[in-house]
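**Student:** A single structure is presented below for examination.
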Amino acid sequence: MSSLLAGKNILIMGLRNKWSIAWGIAKAARDQGANLIFTYLGEREKDAVAELAASLDSSAIYSCDVTSDNAIDHLFTALKQNYGVLHGVVHSIAFARAEDIQNGVVNTTRDGYALAMDISAYSLAAVAKRAQSLMTQGGSIITLTYMGSEKVFPGYNIMGVAKAALETEVRYLASDLGPQGIRVNAISAGPIKTLSAKGVKDFSSILDTADQKAPLRRRIDHEDIGGPAVFLLSELSRAVTGEIMHVDCGLNIMGI
Ligand code: NAP
């Protein structure tokens, strides 16, 4: 084990299973000595998250539905009591209804739009607001985005709109929290087969395109995200904030 994150308390939000991007990040952070704390959404997922956490020497799992201010308050009250200080937060959460991801932005309902924005974008601000009071030694907050925020990806729809909001939010939060020594950055990940990605139409053709068109001629995997996430969580990136870092084997630079 190396020690870039030794003794650092890192909260990981959005671990669902071994295919989750959060899992790649959690493993890399643990390899660097982090003390990991996890959240899970529903009781149905609790045991699976507990098992994954245990495999990384953590028994710290807390329930949190980010659509509820009360739930986020409860989480951070418990973290304050049990840990006092937080050094990092990984926000790896997004959701939109399947019909809103698939049916075009023009057909998005008011309700579906609000839900996608609430979970996929607003939740970062809601979490950052509570996390700041525990980041008394400075801190690093990272979130996950996708280049569907920059260009149109048929089949991504409302999620692209939400990711654009999320990325702008990263810059504003970085400005708000910078004076306290808290950095906020995003990783724009290339396509990875996860449970959430299943909601995107023709996702396998997006993966094939990555294999063919990315300068490195391959899609990314979870391990590819772990290293950059450790960089952003650690002192190595102490002068980096408000950045959207692409980790996609270079796919985003290609015009065709
Ligand atoms: P994932 O494994 O399905 O993770 C998404 C997580 O969000 C799940 O743990 C899910 O919990 C959680 N979540 C959804 N609604 C929530 C709520 N109301 N409160 C708390 N948690 C909630 O999929 P993933 O692909 O790793 O996604 C992680 C992040 O990476 C997302 O922001 C996604 O947009 C982003 N990303 C993914 C890709 C890709 O190709 N996969 C590429 C770029 C960026 P439940 O499963 O229990 O509902």
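Following the order of the structure tokens, chains are lettered A, B, ..., residues in each are numbered from 1, and ligands are numbered from 1.
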Can you pull out every residue with an atom within 6 Å of ligand 1? Use only C-alpha atoms and all ligand atoms and format it as a ChimeraX atom specification.
**Tutor:** /A:14-16,19-22,41-42,45,64-67,92-95,119,144-146,188-197
**Student:** If we count only C-alpha atoms, what is near Gly139 of chain A at a cut-off of 8 Å, once residues fewer than 5 positions away on the same chain are taken out, given as number ranges by chain?
**Tutor:** A: 86-88, 181-183, 233
**Student:** Taking into account only C-alpha atoms, which residue in the set A:Asp208, A:Glu169, A:Asp248, A:Asp100 is nearest to Ile142 of chain A?
**Tutor:**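 Checking each of A:Asp208, A:Glu169, A:Asp248, A:Asp100 against Ile142 of chain A, counting only C-alpha atoms, the winner is A:Glu169.
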**Student:** Excluding same-chain residues fewer than 2 positions from Met135 of chain A, what lies within 12 Å of it counting only C-alpha atoms, as a count of residues only?
**Tutor:** 31
